[in-house]
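Source file upload.cif; content: mmCIF, C-alpha atoms.
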data_work
#
loop_
_atom_site.group_PDB
_atom_site.id
_atom_site.type_symbol
_atom_site.label_atom_id
_atom_site.label_comp_id
_atom_site.auth_asym_id
_atom_site.auth_seq_id
_atom_site.Cartn_x
_atom_site.Cartn_y
_atom_site.Cartn_z
ATOM 1 C CA MET A 1026 59.599 -75.276 -5.357
ATOM 2 C CA GLN A 1027 60.201 -79.035 -5.592
ATOM 3 C CA LEU A 1028 59.394 -80.463 -9.036
ATOM 4 C CA GLU A 1029 58.065 -84.013 -9.092
ATOM 5 C CA ARG A 1030 58.278 -86.027 -12.297
ATOM 6 C CA SER A 1031 55.962 -88.971 -12.861
ATOM 7 C CA GLY A 1032 53.776 -90.251 -15.650
ATOM 8 C CA VAL A 1033 50.325 -91.394 -16.687
ATOM 9 C CA THR A 1034 49.309 -94.014 -19.207
ATOM 10 C CA ALA A 1035 46.889 -93.081 -21.974
ATOM 11 C CA ALA A 1036 44.111 -95.459 -23.023
ATOM 12 C CA ASP A 1037 46.247 -96.842 -25.861
ATOM 13 C CA GLY A 1038 49.190 -97.579 -23.559
ATOM 14 C CA VAL A 1039 51.349 -94.529 -24.360
ATOM 15 C CA ARG A 1040 53.184 -93.238 -21.298
ATOM 16 C CA LEU A 1041 53.043 -89.466 -20.877
ATOM 17 C CA ASN A 1042 55.656 -87.596 -18.871
ATOM 18 C CA VAL A 1043 54.031 -85.364 -16.237
ATOM 19 C CA GLU A 1044 55.740 -82.829 -13.968
ATOM 20 C CA VAL A 1045 54.100 -81.319 -10.899
ATOM 21 C CA ALA A 1046 55.130 -78.518 -8.559
ATOM 22 C CA GLY A 1047 53.132 -77.412 -5.548
ATOM 23 C CA PRO A 1048 50.756 -78.999 -3.031
ATOM 24 C CA ALA A 1049 47.905 -81.274 -4.093
ATOM 25 C CA ASP A 1050 45.471 -79.216 -1.986
ATOM 26 C CA ALA A 1051 46.362 -75.857 -3.592
ATOM 27 C CA PRO A 1052 43.252 -73.770 -4.360
ATOM 28 C CA VAL A 1053 44.020 -73.717 -8.099
ATOM 29 C CA THR A 1054 46.029 -75.720 -10.626
ATOM 30 C CA VAL A 1055 47.677 -74.070 -13.608
ATOM 31 C CA LEU A 1056 48.037 -76.639 -16.390
ATOM 32 C CA LEU A 1057 50.716 -75.689 -18.938
ATOM 33 C CA VAL A 1058 50.481 -77.454 -22.318
ATOM 34 C CA HIS A 1059 53.336 -76.997 -24.786
ATOM 35 C CA GLY A 1060 53.441 -76.628 -28.551
ATOM 36 C CA TRP A 1061 54.630 -78.625 -31.541
ATOM 37 C CA THR A 1062 58.266 -79.870 -31.263
ATOM 38 C CA CYS A 1063 58.580 -78.426 -27.733
ATOM 39 C CA SER A 1064 58.422 -79.956 -24.241
ATOM 40 C CA THR A 1065 57.535 -79.089 -20.666
ATOM 41 C CA ARG A 1066 60.792 -77.130 -20.514
ATOM 42 C CA SER A 1067 59.377 -74.364 -22.692
ATOM 43 C CA TRP A 1068 57.292 -73.352 -19.649
ATOM 44 C CA HIS A 1069 60.198 -73.351 -17.169
ATOM 45 C CA ASN A 1070 59.874 -69.612 -16.476
ATOM 46 C CA GLN A 1071 56.213 -70.005 -15.523
ATOM 47 C CA VAL A 1072 56.842 -73.119 -13.408
ATOM 48 C CA GLU A 1073 59.349 -71.080 -11.409
ATOM 49 C CA GLY A 1074 57.535 -67.753 -11.486
ATOM 50 C CA LEU A 1075 53.921 -68.603 -10.631
ATOM 51 C CA PRO A 1076 54.646 -69.785 -7.042
ATOM 52 C CA GLN A 1077 56.820 -66.703 -6.502
ATOM 53 C CA ILE A 1078 53.927 -64.430 -7.458
ATOM 54 C CA LEU A 1079 51.005 -66.326 -5.924
ATOM 55 C CA GLY A 1080 52.714 -68.032 -2.982
ATOM 56 C CA GLN A 1081 54.229 -71.490 -2.632
ATOM 57 C CA ASP A 1082 51.042 -73.020 -1.223
ATOM 58 C CA ALA A 1083 48.601 -71.032 -3.353
ATOM 59 C CA VAL A 1084 49.111 -72.770 -6.702
ATOM 60 C CA ARG A 1085 49.875 -76.172 -8.149
ATOM 61 C CA VAL A 1086 51.618 -76.131 -11.508
ATOM 62 C CA VAL A 1087 51.276 -79.167 -13.789
ATOM 63 C CA THR A 1088 53.009 -79.650 -17.134
ATOM 64 C CA TYR A 1089 53.208 -82.680 -19.384
ATOM 65 C CA ASP A 1090 54.816 -83.732 -22.650
ATOM 66 C CA HIS A 1091 52.573 -84.552 -25.582
ATOM 67 C CA ARG A 1092 53.053 -88.048 -26.989
ATOM 68 C CA GLY A 1093 55.986 -88.060 -29.380
ATOM 69 C CA HIS A 1094 57.593 -85.119 -27.566
ATOM 70 C CA GLY A 1095 60.038 -84.592 -24.708
ATOM 71 C CA ARG A 1096 60.149 -87.471 -22.227
ATOM 72 C CA SER A 1097 56.845 -89.031 -23.299
ATOM 73 C CA ASP A 1098 56.609 -92.217 -25.356
ATOM 74 C CA ALA A 1099 56.628 -92.045 -29.140
ATOM 75 C CA ALA A 1100 53.244 -91.590 -30.799
ATOM 76 C CA PRO A 1101 52.079 -94.843 -32.430
ATOM 77 C CA ALA A 1102 51.030 -94.763 -36.071
ATOM 78 C CA GLY A 1103 47.630 -93.151 -36.469
ATOM 79 C CA SER A 1104 47.744 -91.294 -33.133
ATOM 80 C CA THR A 1105 49.315 -88.012 -34.259
ATOM 81 C CA ARG A 1106 45.957 -86.242 -34.158
ATOM 82 C CA LEU A 1107 44.586 -83.310 -32.201
ATOM 83 C CA ASP A 1108 41.585 -85.332 -31.045
ATOM 84 C CA GLN A 1109 44.038 -87.853 -29.580
ATOM 85 C CA LEU A 1110 45.816 -85.014 -27.767
ATOM 86 C CA ALA A 1111 42.422 -83.978 -26.356
ATOM 87 C CA ASP A 1112 41.978 -87.531 -25.039
ATOM 88 C CA ASP A 1113 45.469 -87.377 -23.508
ATOM 89 C CA LEU A 1114 44.535 -84.096 -21.836
ATOM 90 C CA VAL A 1115 41.520 -85.730 -20.196
ATOM 91 C CA THR A 1116 43.778 -88.531 -18.933
ATOM 92 C CA VAL A 1117 46.070 -85.963 -17.285
ATOM 93 C CA LEU A 1118 43.084 -84.115 -15.793
ATOM 94 C CA ASP A 1119 41.626 -87.316 -14.364
ATOM 95 C CA GLU A 1120 44.821 -88.984 -13.182
ATOM 96 C CA VAL A 1121 46.883 -86.013 -11.986
ATOM 97 C CA VAL A 1122 45.013 -82.720 -11.775
ATOM 98 C CA GLY A 1123 41.848 -83.835 -9.987
ATOM 99 C CA ASP A 1124 38.586 -81.965 -9.517
ATOM 100 C CA GLY A 1125 39.770 -78.537 -8.359
ATOM 101 C CA PRO A 1126 39.642 -75.393 -10.541
ATOM 102 C CA VAL A 1127 42.075 -75.369 -13.459
ATOM 103 C CA VAL A 1128 43.643 -72.559 -15.452
ATOM 104 C CA TYR A 1129 44.641 -74.018 -18.812
ATOM 105 C CA ALA A 1130 47.506 -72.385 -20.712
ATOM 106 C CA GLY A 1131 48.102 -73.718 -24.211
ATOM 107 C CA HIS A 1132 50.937 -72.646 -26.480
ATOM 108 C CA SER A 1133 50.571 -73.178 -30.252
ATOM 109 C CA MET A 1134 49.538 -76.861 -30.625
ATOM 110 C CA GLY A 1135 48.656 -76.784 -26.930
ATOM 111 C CA GLY A 1136 46.058 -74.108 -27.687
ATOM 112 C CA MET A 1137 44.702 -76.223 -30.530
ATOM 113 C CA THR A 1138 44.484 -79.152 -28.110
ATOM 114 C CA LEU A 1139 42.210 -77.043 -25.898
ATOM 115 C CA MET A 1140 39.936 -76.329 -28.867
ATOM 116 C CA ALA A 1141 39.823 -80.034 -29.746
ATOM 117 C CA ALA A 1142 38.856 -80.740 -26.132
ATOM 118 C CA ALA A 1143 36.152 -78.059 -26.298
ATOM 119 C CA GLU A 1144 34.743 -79.878 -29.332
ATOM 120 C CA GLN A 1145 34.861 -83.363 -27.770
ATOM 121 C CA TYR A 1146 34.392 -82.626 -24.060
ATOM 122 C CA PRO A 1147 32.466 -79.337 -23.656
ATOM 123 C CA GLU A 1148 31.330 -80.433 -20.188
ATOM 124 C CA LEU A 1149 34.874 -79.822 -18.889
ATOM 125 C CA PHE A 1150 34.591 -76.080 -19.351
ATOM 126 C CA GLY A 1151 33.212 -74.114 -16.448
ATOM 127 C CA SER A 1152 33.112 -77.197 -14.228
ATOM 128 C CA ARG A 1153 36.834 -78.088 -14.202
ATOM 129 C CA ILE A 1154 38.617 -75.766 -16.624
ATOM 130 C CA ARG A 1155 37.679 -72.344 -15.235
ATOM 131 C CA ALA A 1156 39.974 -70.061 -17.270
ATOM 132 C CA ALA A 1157 42.288 -70.268 -20.269
ATOM 133 C CA ALA A 1158 45.263 -68.597 -21.885
ATOM 134 C CA LEU A 1159 45.732 -69.049 -25.634
ATOM 135 C CA VAL A 1160 49.371 -68.303 -26.395
ATOM 136 C CA SER A 1161 50.672 -67.940 -29.972
ATOM 137 C CA THR A 1162 47.997 -70.246 -31.339
ATOM 138 C CA THR A 1163 45.283 -70.418 -34.000
ATOM 139 C CA SER A 1164 41.697 -71.546 -34.438
ATOM 140 C CA GLY A 1165 42.425 -72.732 -37.988
ATOM 141 C CA HIS A 1166 43.850 -71.963 -41.431
ATOM 142 C CA LEU A 1167 47.361 -72.606 -40.158
ATOM 143 C CA THR A 1168 49.235 -71.677 -43.326
ATOM 144 C CA GLU A 1169 47.686 -68.228 -43.805
ATOM 145 C CA GLY A 1170 50.604 -65.824 -44.023
ATOM 146 C CA ALA A 1171 53.042 -68.284 -42.457
ATOM 147 C CA LEU A 1172 56.740 -67.558 -43.096
ATOM 148 C CA GLY A 1173 55.733 -64.424 -44.972
ATOM 149 C CA ILE A 1174 54.319 -66.403 -47.922
ATOM 150 C CA PRO A 1175 51.757 -64.363 -49.884
ATOM 151 C CA GLU A 1176 48.133 -65.413 -49.294
ATOM 152 C CA ARG A 1177 47.662 -66.563 -52.903
ATOM 153 C CA PHE A 1178 50.052 -69.450 -52.215
ATOM 154 C CA ASP A 1179 48.238 -70.657 -49.066
ATOM 155 C CA PRO A 1180 46.294 -73.499 -50.792
ATOM 156 C CA ALA A 1181 49.449 -74.896 -52.395
ATOM 157 C CA ALA A 1182 51.343 -74.696 -49.089
ATOM 158 C CA ALA A 1183 48.552 -76.604 -47.343
ATOM 159 C CA ARG A 1184 48.739 -79.421 -49.904
ATOM 160 C CA ILE A 1185 52.493 -79.749 -50.189
ATOM 161 C CA ALA A 1186 53.838 -79.049 -46.677
ATOM 162 C CA PRO A 1187 52.657 -82.226 -44.911
ATOM 163 C CA ARG A 1188 53.995 -84.473 -47.692
ATOM 164 C CA ILE A 1189 57.407 -82.856 -47.528
ATOM 165 C CA LEU A 1190 57.539 -82.922 -43.729
ATOM 166 C CA ASN A 1191 56.484 -86.561 -43.485
ATOM 167 C CA ARG A 1192 58.954 -87.620 -46.177
ATOM 168 C CA VAL A 1193 61.822 -85.715 -44.572
ATOM 169 C CA GLY A 1194 60.958 -87.009 -41.112
ATOM 170 C CA LEU A 1195 60.701 -90.648 -42.167
ATOM 171 C CA ARG A 1196 63.904 -90.436 -44.204
ATOM 172 C CA ALA A 1197 65.760 -88.867 -41.259
ATOM 173 C CA ASP A 1198 64.540 -91.634 -38.960
ATOM 174 C CA ARG A 1199 65.572 -94.407 -41.372
ATOM 175 C CA HIS A 1200 69.037 -92.951 -41.866
ATOM 176 C CA ALA A 1201 69.499 -92.401 -38.137
ATOM 177 C CA GLU A 1202 68.344 -95.902 -37.239
ATOM 178 C CA ALA A 1203 70.617 -97.468 -39.864
ATOM 179 C CA ALA A 1204 73.556 -95.593 -38.420
ATOM 180 C CA GLY A 1205 72.518 -96.251 -34.820
ATOM 181 C CA ARG A 1206 72.919 -92.554 -34.017
ATOM 182 C CA ALA A 1207 69.380 -91.132 -34.038
ATOM 183 C CA ARG A 1208 69.813 -88.465 -31.433
ATOM 184 C CA ARG A 1209 73.215 -87.275 -32.589
ATOM 185 C CA ALA A 1210 71.986 -87.049 -36.178
ATOM 186 C CA ALA A 1211 68.944 -85.068 -35.110
ATOM 187 C CA ARG A 1212 71.026 -82.681 -33.011
ATOM 188 C CA LEU A 1213 73.445 -82.159 -35.882
ATOM 189 C CA ALA A 1214 70.587 -81.333 -38.258
ATOM 190 C CA ALA A 1215 69.076 -78.931 -35.751
ATOM 191 C CA ASN A 1216 72.401 -77.162 -35.194
ATOM 192 C CA LEU A 1217 72.897 -76.719 -38.923
ATOM 193 C CA GLN A 1218 69.458 -75.136 -39.157
ATOM 194 C CA ARG A 1219 69.858 -72.976 -36.048
ATOM 195 C CA PRO A 1220 70.241 -69.509 -37.641
ATOM 196 C CA ALA A 1221 67.225 -69.967 -39.925
ATOM 197 C CA LEU A 1222 65.087 -71.536 -37.226
ATOM 198 C CA ARG A 1223 65.943 -68.795 -34.769
ATOM 199 C CA GLN A 1224 64.727 -66.212 -37.279
ATOM 200 C CA VAL A 1225 61.479 -68.103 -37.874
ATOM 201 C CA VAL A 1226 60.652 -69.159 -34.329
ATOM 202 C CA PHE A 1227 61.909 -66.254 -32.205
ATOM 203 C CA GLY A 1228 61.499 -62.508 -32.403
ATOM 204 C CA LYS A 1229 64.039 -59.763 -31.764
ATOM 205 C CA LYS A 1230 67.109 -60.481 -29.620
ATOM 206 C CA PRO A 1231 66.098 -63.784 -27.996
ATOM 207 C CA ASP A 1232 68.001 -65.118 -25.007
ATOM 208 C CA PRO A 1233 70.516 -67.631 -26.449
ATOM 209 C CA ALA A 1234 69.744 -70.033 -23.584
ATOM 210 C CA GLU A 1235 66.084 -70.102 -24.618
ATOM 211 C CA VAL A 1236 67.070 -70.774 -28.222
ATOM 212 C CA ASP A 1237 69.297 -73.626 -27.032
ATOM 213 C CA LEU A 1238 66.408 -75.118 -25.089
ATOM 214 C CA PHE A 1239 64.098 -75.019 -28.112
ATOM 215 C CA MET A 1240 66.735 -76.547 -30.378
ATOM 216 C CA ALA A 1241 67.390 -79.382 -27.924
ATOM 217 C CA ASP A 1242 63.681 -80.229 -27.747
ATOM 218 C CA LEU A 1243 63.319 -80.116 -31.525
ATOM 219 C CA ALA A 1244 66.308 -82.410 -32.006
ATOM 220 C CA VAL A 1245 64.671 -85.369 -30.232
ATOM 221 C CA VAL A 1246 61.222 -85.254 -31.849
ATOM 222 C CA PRO A 1247 60.804 -88.406 -33.995
ATOM 223 C CA GLY A 1248 60.233 -87.794 -37.696
ATOM 224 C CA PRO A 1249 56.722 -89.322 -37.754
ATOM 225 C CA SER A 1250 55.633 -87.066 -34.874
ATOM 226 C CA TYR A 1251 57.178 -84.027 -36.534
ATOM 227 C CA GLY A 1252 55.290 -84.548 -39.781
ATOM 228 C CA GLY A 1253 52.186 -86.228 -38.393
ATOM 229 C CA PHE A 1254 51.300 -83.510 -35.926
ATOM 230 C CA PHE A 1255 52.004 -80.830 -38.514
ATOM 231 C CA GLU A 1256 49.510 -82.513 -40.826
ATOM 232 C CA THR A 1257 46.783 -82.649 -38.170
ATOM 233 C CA MET A 1258 47.367 -78.968 -37.397
ATOM 234 C CA LEU A 1259 46.852 -78.142 -41.058
ATOM 235 C CA GLU A 1260 43.426 -79.778 -40.797
ATOM 236 C CA HIS A 1261 42.585 -77.882 -37.596
ATOM 237 C CA ASP A 1262 39.554 -75.604 -38.040
ATOM 238 C CA ARG A 1263 37.785 -75.182 -34.709
ATOM 239 C CA GLY A 1264 36.784 -71.559 -34.393
ATOM 240 C CA HIS A 1265 33.233 -72.752 -33.761
ATOM 241 C CA THR A 1266 34.330 -74.465 -30.526
ATOM 242 C CA LEU A 1267 35.433 -71.200 -28.927
ATOM 243 C CA LYS A 1268 31.842 -70.454 -27.919
ATOM 244 C CA VAL A 1269 32.343 -73.085 -25.203
ATOM 245 C CA LEU A 1270 34.811 -70.649 -23.595
ATOM 246 C CA ASP A 1271 32.676 -67.523 -23.780
ATOM 247 C CA GLN A 1272 31.698 -67.631 -20.083
ATOM 248 C CA LEU A 1273 35.283 -68.104 -18.886
ATOM 249 C CA PRO A 1274 38.088 -65.589 -18.349
ATOM 250 C CA VAL A 1275 40.306 -65.999 -21.422
ATOM 251 C CA GLU A 1276 43.547 -64.222 -22.306
ATOM 252 C CA ILE A 1277 44.878 -64.290 -25.880
ATOM 253 C CA MET A 1278 48.599 -63.521 -26.181
ATOM 254 C CA HIS A 1279 50.611 -63.127 -29.378
ATOM 255 C CA GLY A 1280 53.824 -61.543 -30.648
ATOM 256 C CA THR A 1281 53.989 -59.111 -33.564
ATOM 257 C CA ARG A 1282 56.996 -60.957 -35.048
ATOM 258 C CA ASP A 1283 55.487 -64.444 -34.908
ATOM 259 C CA ARG A 1284 56.406 -65.816 -38.342
ATOM 260 C CA LEU A 1285 54.902 -69.267 -37.783
ATOM 261 C CA LEU A 1286 51.481 -67.920 -36.831
ATOM 262 C CA PRO A 1287 51.234 -64.227 -37.711
ATOM 263 C CA PRO A 1288 49.130 -61.956 -35.440
ATOM 264 C CA ARG A 1289 46.114 -62.295 -37.738
ATOM 265 C CA HIS A 1290 45.509 -65.653 -36.050
ATOM 266 C CA ALA A 1291 45.168 -63.965 -32.651
ATOM 267 C CA ASN A 1292 42.915 -61.323 -34.146
ATOM 268 C CA ARG A 1293 40.678 -64.030 -35.610
ATOM 269 C CA ILE A 1294 40.382 -65.792 -32.239
ATOM 270 C CA ALA A 1295 39.525 -62.464 -30.587
ATOM 271 C CA ALA A 1296 36.780 -61.882 -33.164
ATOM 272 C CA GLN A 1297 35.422 -65.404 -32.630
ATOM 273 C CA LEU A 1298 35.588 -65.020 -28.834
ATOM 274 C CA PRO A 1299 34.783 -61.378 -28.113
ATOM 275 C CA THR A 1300 34.628 -61.936 -24.329
ATOM 276 C CA ALA A 1301 38.383 -62.656 -24.284
ATOM 277 C CA ARG A 1302 41.151 -60.101 -23.768
ATOM 278 C CA LEU A 1303 43.792 -59.764 -26.470
ATOM 279 C CA TRP A 1304 47.415 -58.869 -25.683
ATOM 280 C CA ILE A 1305 49.903 -58.175 -28.478
ATOM 281 C CA TYR A 1306 53.628 -58.010 -27.698
ATOM 282 C CA PRO A 1307 55.790 -55.899 -30.036
ATOM 283 C CA GLY A 1308 58.942 -57.608 -31.271
ATOM 284 C CA ALA A 1309 58.100 -61.017 -29.814
ATOM 285 C CA GLY A 1310 58.081 -64.188 -31.889
ATOM 286 C CA HIS A 1311 56.340 -67.536 -31.587
ATOM 287 C CA MET A 1312 57.910 -68.653 -28.281
ATOM 288 C CA LEU A 1313 56.155 -65.982 -26.274
ATOM 289 C CA MET A 1314 56.414 -67.605 -22.830
ATOM 290 C CA GLN A 1315 60.194 -67.824 -23.307
ATOM 291 C CA GLU A 1316 60.580 -64.377 -24.880
ATOM 292 C CA ARG A 1317 58.207 -62.447 -22.580
ATOM 293 C CA PRO A 1318 58.281 -64.677 -19.499
ATOM 294 C CA ARG A 1319 57.343 -62.016 -16.981
ATOM 295 C CA ASP A 1320 54.299 -60.840 -18.947
ATOM 296 C CA VAL A 1321 52.992 -64.335 -19.613
ATOM 297 C CA THR A 1322 53.529 -65.409 -16.011
ATOM 298 C CA HIS A 1323 51.663 -62.385 -14.656
ATOM 299 C CA ARG A 1324 48.736 -62.978 -17.037
ATOM 300 C CA LEU A 1325 48.494 -66.573 -15.810
ATOM 301 C CA ALA A 1326 48.731 -65.440 -12.194
ATOM 302 C CA SER A 1327 45.876 -63.010 -12.800
ATOM 303 C CA LEU A 1328 43.717 -65.825 -14.174
ATOM 304 C CA ALA A 1329 44.609 -68.028 -11.213
ATOM 305 C CA ARG A 1330 43.495 -65.334 -8.756
ATOM 306 C CA LYS A 1331 40.153 -65.033 -10.568
ATOM 307 C CA VAL A 1332 39.282 -68.714 -10.191
ATOM 308 C CA SER A 1333 40.894 -69.678 -6.868
#

For this file, produce the structure as structure tokens.
Amino acid sequence: MQLERSGVTAADGVRLNVEVAGPADAPVTVLLVHGWTCSTRSWHNQVEGLPQILGQDAVRVVTYDHRGHGRSDAAPAGSTRLDQLADDLVTVLDEVVGDGPVVYAGHSMGGMTLMAAAEQYPELFGSRIRAAALVSTTSGHLTEGALGIPERFDPAAARIAPRILNRVGLRADRHAEAAGRARRAARLAANLQRPALRQVVFGKKPDPAEVDLFMADLAVVPGPSYGGFFETMLEHDRGHTLKVLDQLPVEIMHGTRDRLLPPRHANRIAAQLPTARLWIYPGAGHMLMQERPRDVTHRLASLARKVS
């Protein structure tokens, strides 16, 4: 299927990279929204697989890069917030997706973006967004059990982590700018961290090509976006918004070896949204759509059939 790359401009002037595959008059659009430090490329298996399962003319697949990620513009100071990402989502819906039925799939921060939109724009749900997939995400309390840290240290982690991340990110940007080699410096840092990051982000025996893709996306995220979005995710606590989704088909998907967001986060969402279906994948890590591409794609196809 031909992939078309374009862009939309948010209200504050930030240009967002948007990629579309499939006809504008398809009976359903699947909107794929990536996670923190990732890009549209993290969904490449679903972009390719959904038309193969549903038919080339039966689905339109739309992906976009969050501000400060991938091919989108950098996030201006003060805009690294989940409520801003919810506003950006509405811009993409209005300017690209249109009025037809939408299946929203959000990975990690992309799932949190959906919850922020449910808080700010509940009228979207049922009228435009007809189904949702929450992939490796959380409704709040981000640091609980992250990286295997005992629960008694969660409050300290929540206080200290954003300060460290912001300081490291800003320092990396200053050094890179002074040297005039921002991207090469970032790639070098990412390559040095590869073994540790692979252990944290992926589960058992990941495809090296998928690891490479993640590392390349991480390497070009500006320091302020890296730390700023992490800080807003720490503040995320939107379990109460899930009631907006209780009349929609919702699939919750999570890996047992997700070290960034342990499975307890999926279990909490399932308890807060008992009408949803919960799927747990043994051995999979945080990048579920890259580690279990066939399963995730088929779940999304099933949702698309329900609403088309």

One number please: atom CA of Leu1259 of chain A to atom CA of Leu1167 of chain A, in Å, one decimal. 5.6 Å

With a distance cut-off of 9 Å and only C-alpha atoms, select the neighbouring residues of Cys1063 of chain A, excluding the residue or stretch itself and same-chain residues fewer than 6 positions from it, and output the selection as JSON, numbers by chain. {"A": [1090, 1091, 1094, 1095, 1238, 1239, 1240, 1241, 1242, 1243, 1246]}

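Atom pair atom CA of Glu1276 of chain A / atom CA of Arg1324 of chain A has a distance of 7.5 Å (rounded to one decimal).
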
For the structure shown, which residues end up in the PyMOL selection byres ((chain A and resi 1137) around 9)? Put them as a PyMOL selection string, please? chain A and resi 1060+1107+1131-1136+1138-1142+1159+1162-1165+1258+1261+1263

Residues matched by the PyMOL selection byres ((chain A and resi 1057) around 9), written as a ChimeraX atom specification: /A:1055-1056,1058-1059,1065,1068,1071-1072,1086-1089,1128-1132,1135
